[in-house]
Amino acid sequence: MQQTETAATDANEGLLDLIRAFQETLEGLATSQGRVVATALLLAVLLVTVVVIPAVLSRLRTVAIERMGAGSGSWLQTMAAYTPTTFRGLLLRMAQFTVVSVVVVSFLVVWGITDVAAALRPFLADRDPTLVPTIQTIVLIMLAFVASDQLQRWIDRFSTALSDFTEHQEEILLRVGQVTIFVVVGATIFAVWSINIGGLLVGAGFLGIVVGFAARQTLGSLIAGFVLMFSRPFTIGDWVAIGDEEGIVTDITIFNTRLENFDGEFVVLPNDRVSDSAITNRSRKGLLRLTLDIGVDYDTDVDAARELARETMVGVSDVVDSPPPQVVPKSFGDSAVVLELRFWIDHPTPPRKWRAVSAVVRAVKSSFDEEDIDIPFPQRTLTVRDESSATERPRGVHSED
């Protein structure tokens, strides 16, 4: 143990000697002319480190892959696929941060603002007990961001492999994973600094009870968001009716669901309200049946009118062939026999629905006109009572006159 401490002390003294030598070299430039030259050189180093080197490295990597070809350069792409993006960026940012720190310290020394060796002596020579926990904390935070980035990349690959994995599920899985990572890292940092988290947990418990009572609806929406993730009654882009609201689903978050209705308005529904309402999904099956009522005159051959209407709907491009269109005599109207036209459309959306309805109405009306089949107006027959019968009294009834 003593040998380890002696070696650490020697290493710290060596580092202090190196810092003193660096500081003395910079202090040798203390003249006005030397300060200007040193400032220009430090600014050039800063510019090259922060701007030029990242651009050059990115360009070299692109050129190497292009020149080596898909066969021989595939190892670069493979390495890039399995190397954490944040880790590569972290190394670059650490190098940039180191250079920037050295440049800033050099400015301070050249212009005689601070004594670096004297400032670092308590941390190195006197072995400040907070130095090691500080370094461990920085490393843990970096690892947390690397793990969060890798989790997002894994979820993206997983959702790409599964066609039925929705964006809603991807978002919730990512948020839960990130919260878990940062909670574990936070607990580890507390342990590094020897902080007892027992009291914090008790306080967090009481705080959770207070927040739970104060934000019942928000927590209900959060729980309902998880329920919707697993039940998946709809996805983004579906045409749904939720309670009294109807429209296209534009976004699903942990707390709410957003619809765009047919008036161009955006409706935000809390997830707890969504889970408590009846949900009608008109897009899930990929087919939607539409119905229209049409009346023909009582003198018309109903079977002939049925067949003509059916053949006409088959020829409409917006109507699918399977399931085939149907025409069903529905009821006896006041002035017509009512036929119900049943037909299906695929990839149902409101514009496709109204386009198909309009096409069927025009086509059936045109076919009936060609075959002289009347679509009668509502008619009423009026009769006039005989005045003599109106004044006739029943037998046995006498007038007071």
# chains A, B, ... in the order shown; residues from 1 in each chain; ligands from 1
call {"tool": "closest_atom_pairs", "arguments": {"of": "segment 232-292 of chain A", "to": "segment 358-374 of chain A", "cutoff": "12 Å", "atoms": "only C-alpha atoms", "output": "tab-separated table"}}
result
residue	atom	partner	partner_atom	distance
A:Leu290	CA	A:Val360	CA	10.5
A:Thr291	CA	A:Val360	CA	10.3
A:Leu292	CA	A:Val361	CA	8.5
call {"tool": "write_last_selection", "arguments": {"atoms": "all heavy atoms", "output": "PDB file, in the first residue's frame"}}
result
ATOM      1  N   LEU A 290     -69.257   0.826 -47.638  1.00  0.00           N
ATOM      2  CA  LEU A 290     -70.095   2.015 -47.675  1.00  0.00           C
ATOM      3  C   LEU A 290     -71.484   1.630 -48.160  1.00  0.00           C
ATOM      4  O   LEU A 290     -71.637   0.670 -48.925  1.00  0.00           O
ATOM      5  CB  LEU A 290     -69.500   3.072 -48.608  1.00  0.00           C
ATOM      6  CG  LEU A 290     -68.058   3.493 -48.309  1.00  0.00           C
ATOM      7  CD1 LEU A 290     -67.550   4.462 -49.358  1.00  0.00           C
ATOM      8  CD2 LEU A 290     -67.957   4.112 -46.921  1.00  0.00           C
ATOM      9  N   THR A 291     -72.495   2.363 -47.739  1.00  0.00           N
ATOM     10  CA  THR A 291     -73.881   2.079 -48.128  1.00  0.00           C
ATOM     11  C   THR A 291     -74.550   3.362 -48.602  1.00  0.00           C
ATOM     12  O   THR A 291     -74.260   4.465 -48.106  1.00  0.00           O
ATOM     13  CB  THR A 291     -74.681   1.485 -46.963  1.00  0.00           C
ATOM     14  OG1 THR A 291     -74.685   2.405 -45.866  1.00  0.00           O
ATOM     15  CG2 THR A 291     -74.076   0.154 -46.513  1.00  0.00           C
ATOM     16  N   LEU A 292     -75.439   3.197 -49.583  1.00  0.00           N
ATOM     17  CA  LEU A 292     -76.268   4.292 -50.090  1.00  0.00           C
ATOM     18  C   LEU A 292     -77.687   3.779 -50.282  1.00  0.00           C
ATOM     19  O   LEU A 292     -77.879   2.613 -50.671  1.00  0.00           O
ATOM     20  CB  LEU A 292     -75.738   4.815 -51.426  1.00  0.00           C
ATOM     21  CG  LEU A 292     -74.452   5.656 -51.419  1.00  0.00           C
ATOM     22  CD1 LEU A 292     -74.023   5.935 -52.850  1.00  0.00           C
ATOM     23  CD2 LEU A 292     -74.669   6.956 -50.662  1.00  0.00           C
TER      24      LEU A 292
END
call {"tool": "atom_distance", "arguments": {"atom1": "atom CA of Arg153 of chain A", "atom2": "atom CA of Ala187 of chain A"}}
result
24.6 Å
call {"tool": "select_by_dssp", "arguments": {"residues": "segment 190-267 of chain A", "states": "helix (DSSP H, G or I)", "output": "PyMOL selection string"}}
result
chain A and resi 190-192+198-214+216-231
call {"tool": "write_last_selection", "arguments": {"atoms": "N, CA, C and O atoms", "output": "tab-separated table (two decimals), in the first residue's frame"}}
result
chain	number	residue	atom	x	y	z
A	190	PHE	N	-23.84	8.42	-6.51
A	190	PHE	CA	-24.04	8.62	-5.07
A	190	PHE	C	-23.14	7.68	-4.27
A	190	PHE	O	-22.58	8.07	-3.24
A	191	ALA	N	-23.01	6.44	-4.73
A	191	ALA	CA	-22.14	5.49	-4.02
A	191	ALA	C	-20.68	5.91	-4.11
A	191	ALA	O	-19.91	5.73	-3.15
A	192	VAL	N	-20.26	6.45	-5.26
A	192	VAL	CA	-18.87	6.90	-5.40
A	192	VAL	C	-18.56	8.00	-4.40
A	192	VAL	O	-17.48	8.04	-3.80
A	198	GLY	N	-30.56	6.40	1.54
A	198	GLY	CA	-31.74	5.93	2.27
A	198	GLY	C	-32.70	7.07	2.59
A	198	GLY	O	-33.91	6.97	2.38
A	199	GLY	N	-32.16	8.17	3.10
A	199	GLY	CA	-33.01	9.32	3.38
A	199	GLY	C	-33.64	9.90	2.13
A	199	GLY	O	-34.79	10.34	2.14
A	200	LEU	N	-32.85	9.89	1.02
A	200	LEU	CA	-33.41	10.40	-0.23
A	200	LEU	C	-34.57	9.55	-0.70
A	200	LEU	O	-35.56	10.06	-1.23
A	201	LEU	N	-34.46	8.22	-0.51
A	201	LEU	CA	-35.54	7.33	-0.94
A	201	LEU	C	-36.81	7.57	-0.13
A	201	LEU	O	-37.92	7.55	-0.66
A	202	VAL	N	-36.62	7.79	1.20
A	202	VAL	CA	-37.81	8.07	2.03
A	202	VAL	C	-38.46	9.39	1.60
A	202	VAL	O	-39.69	9.48	1.43
A	203	GLY	N	-37.62	10.41	1.38
A	203	GLY	CA	-38.18	11.67	0.91
A	203	GLY	C	-38.84	11.55	-0.46
A	203	GLY	O	-39.88	12.15	-0.71
A	204	ALA	N	-38.21	10.74	-1.33
A	204	ALA	CA	-38.80	10.54	-2.65
A	204	ALA	C	-40.14	9.82	-2.55
A	204	ALA	O	-41.05	10.07	-3.34
A	205	GLY	N	-40.26	8.91	-1.56
A	205	GLY	CA	-41.53	8.22	-1.38
A	205	GLY	C	-42.65	9.17	-1.00
A	205	GLY	O	-43.75	9.13	-1.57
A	206	PHE	N	-42.37	10.04	-0.01
A	206	PHE	CA	-43.39	11.03	0.38
A	206	PHE	C	-43.68	11.99	-0.77
A	206	PHE	O	-44.84	12.36	-1.01
A	207	LEU	N	-42.63	12.40	-1.48
A	207	LEU	CA	-42.83	13.30	-2.62
A	207	LEU	C	-43.66	12.62	-3.70
A	207	LEU	O	-44.52	13.25	-4.33
A	208	GLY	N	-43.43	11.31	-3.91
A	208	GLY	CA	-44.21	10.58	-4.91
A	208	GLY	C	-45.69	10.53	-4.54
A	208	GLY	O	-46.55	10.64	-5.42
A	209	ILE	N	-45.99	10.38	-3.24
A	209	ILE	CA	-47.39	10.36	-2.81
A	209	ILE	C	-48.03	11.71	-3.08
A	209	ILE	O	-49.16	11.80	-3.60
A	210	VAL	N	-47.32	12.80	-2.75
A	210	VAL	CA	-47.87	14.14	-2.97
A	210	VAL	C	-48.08	14.40	-4.46
A	210	VAL	O	-49.14	14.89	-4.88
A	211	VAL	N	-47.08	14.04	-5.26
A	211	VAL	CA	-47.19	14.26	-6.70
A	211	VAL	C	-48.30	13.39	-7.29
A	211	VAL	O	-49.03	13.81	-8.19
A	212	GLY	N	-48.46	12.17	-6.75
A	212	GLY	CA	-49.50	11.29	-7.25
A	212	GLY	C	-50.90	11.86	-7.05
A	212	GLY	O	-51.75	11.78	-7.94
A	213	PHE	N	-51.13	12.46	-5.87
A	213	PHE	CA	-52.43	13.08	-5.63
A	213	PHE	C	-52.61	14.35	-6.47
A	213	PHE	O	-53.72	14.66	-6.91
A	214	ALA	N	-51.52	15.09	-6.68
A	214	ALA	CA	-51.63	16.35	-7.41
A	214	ALA	C	-51.74	16.16	-8.91
A	214	ALA	O	-52.25	17.03	-9.61
A	216	ARG	N	-53.06	13.28	-10.69
A	216	ARG	CA	-53.74	12.00	-10.94
A	216	ARG	C	-54.02	11.81	-12.43
A	216	ARG	O	-53.82	10.73	-12.97
A	217	GLN	N	-54.48	12.87	-13.10
A	217	GLN	CA	-54.84	12.74	-14.51
A	217	GLN	C	-53.60	12.48	-15.37
A	217	GLN	O	-53.63	11.67	-16.29
A	218	THR	N	-52.50	13.18	-15.03
A	218	THR	CA	-51.27	12.97	-15.79
A	218	THR	C	-50.75	11.56	-15.63
A	218	THR	O	-50.34	10.90	-16.60
A	219	LEU	N	-50.76	11.04	-14.40
A	219	LEU	CA	-50.32	9.67	-14.17
A	219	LEU	C	-51.27	8.67	-14.84
A	219	LEU	O	-50.83	7.65	-15.37
A	220	GLY	N	-52.57	8.99	-14.82
A	220	GLY	CA	-53.52	8.13	-15.52
A	220	GLY	C	-53.25	8.09	-17.01
A	220	GLY	O	-53.31	7.03	-17.64
A	221	SER	N	-52.91	9.24	-17.59
A	221	SER	CA	-52.57	9.28	-19.01
A	221	SER	C	-51.30	8.51	-19.28
A	221	SER	O	-51.17	7.83	-20.31
A	222	LEU	N	-50.34	8.58	-18.35
A	222	LEU	CA	-49.09	7.83	-18.53
A	222	LEU	C	-49.34	6.33	-18.52
A	222	LEU	O	-48.83	5.59	-19.38
A	223	ILE	N	-50.13	5.86	-17.56
A	223	ILE	CA	-50.43	4.43	-17.49
A	223	ILE	C	-51.24	4.00	-18.71
A	223	ILE	O	-51.00	2.94	-19.30
A	224	ALA	N	-52.20	4.85	-19.12
A	224	ALA	CA	-52.98	4.53	-20.32
A	224	ALA	C	-52.10	4.49	-21.56
A	224	ALA	O	-52.36	3.72	-22.49
A	225	GLY	N	-51.03	5.31	-21.59
A	225	GLY	CA	-50.10	5.25	-22.71
A	225	GLY	C	-49.41	3.91	-22.82
A	225	GLY	O	-49.24	3.37	-23.92
A	226	PHE	N	-49.04	3.33	-21.69
A	226	PHE	CA	-48.45	1.99	-21.71
A	226	PHE	C	-49.47	0.94	-22.15
A	226	PHE	O	-49.14	0.01	-22.89
A	227	VAL	N	-50.71	1.09	-21.70
A	227	VAL	CA	-51.76	0.15	-22.11
A	227	VAL	C	-51.98	0.21	-23.62
A	227	VAL	O	-52.08	-0.82	-24.30
A	228	LEU	N	-52.02	1.42	-24.17
A	228	LEU	CA	-52.19	1.57	-25.62
A	228	LEU	C	-51.00	1.00	-26.37
A	228	LEU	O	-51.15	0.51	-27.49
A	229	MET	N	-49.82	1.06	-25.77
A	229	MET	CA	-48.64	0.51	-26.43
A	229	MET	C	-48.78	-0.99	-26.63
A	229	MET	O	-48.41	-1.52	-27.69
A	230	PHE	N	-49.31	-1.68	-25.64
A	230	PHE	CA	-49.43	-3.13	-25.74
A	230	PHE	C	-50.69	-3.56	-26.51
A	230	PHE	O	-50.66	-4.55	-27.24
A	231	SER	N	-51.79	-2.84	-26.35
A	231	SER	CA	-53.02	-3.24	-27.05
A	231	SER	C	-53.03	-2.81	-28.50
A	231	SER	O	-53.62	-3.49	-29.36
call {"tool": "residues_around", "arguments": {"residues": "Ala304 of chain A", "least_positions_apart": "2", "cutoff": "12 Å", "atoms": "only C-alpha atoms", "output": "list of chain:residue names"}}
result
A:Val296, A:Asp299, A:Thr300, A:Asp301, A:Val302, A:Arg306, A:Glu307, A:Leu308, A:Ala309, A:Arg310, A:Glu311, A:Val327, A:Pro329, A:Leu339, A:Ser367, A:Phe368, A:Glu371, A:Asp372, A:Ile373
call {"tool": "closest_residue", "arguments": {"among": "A:Ile181, A:Ile375, A:Ala21, A:Val319", "to": "Val357 of chain A", "atoms": "only C-alpha atoms"}}
result
A:Val319
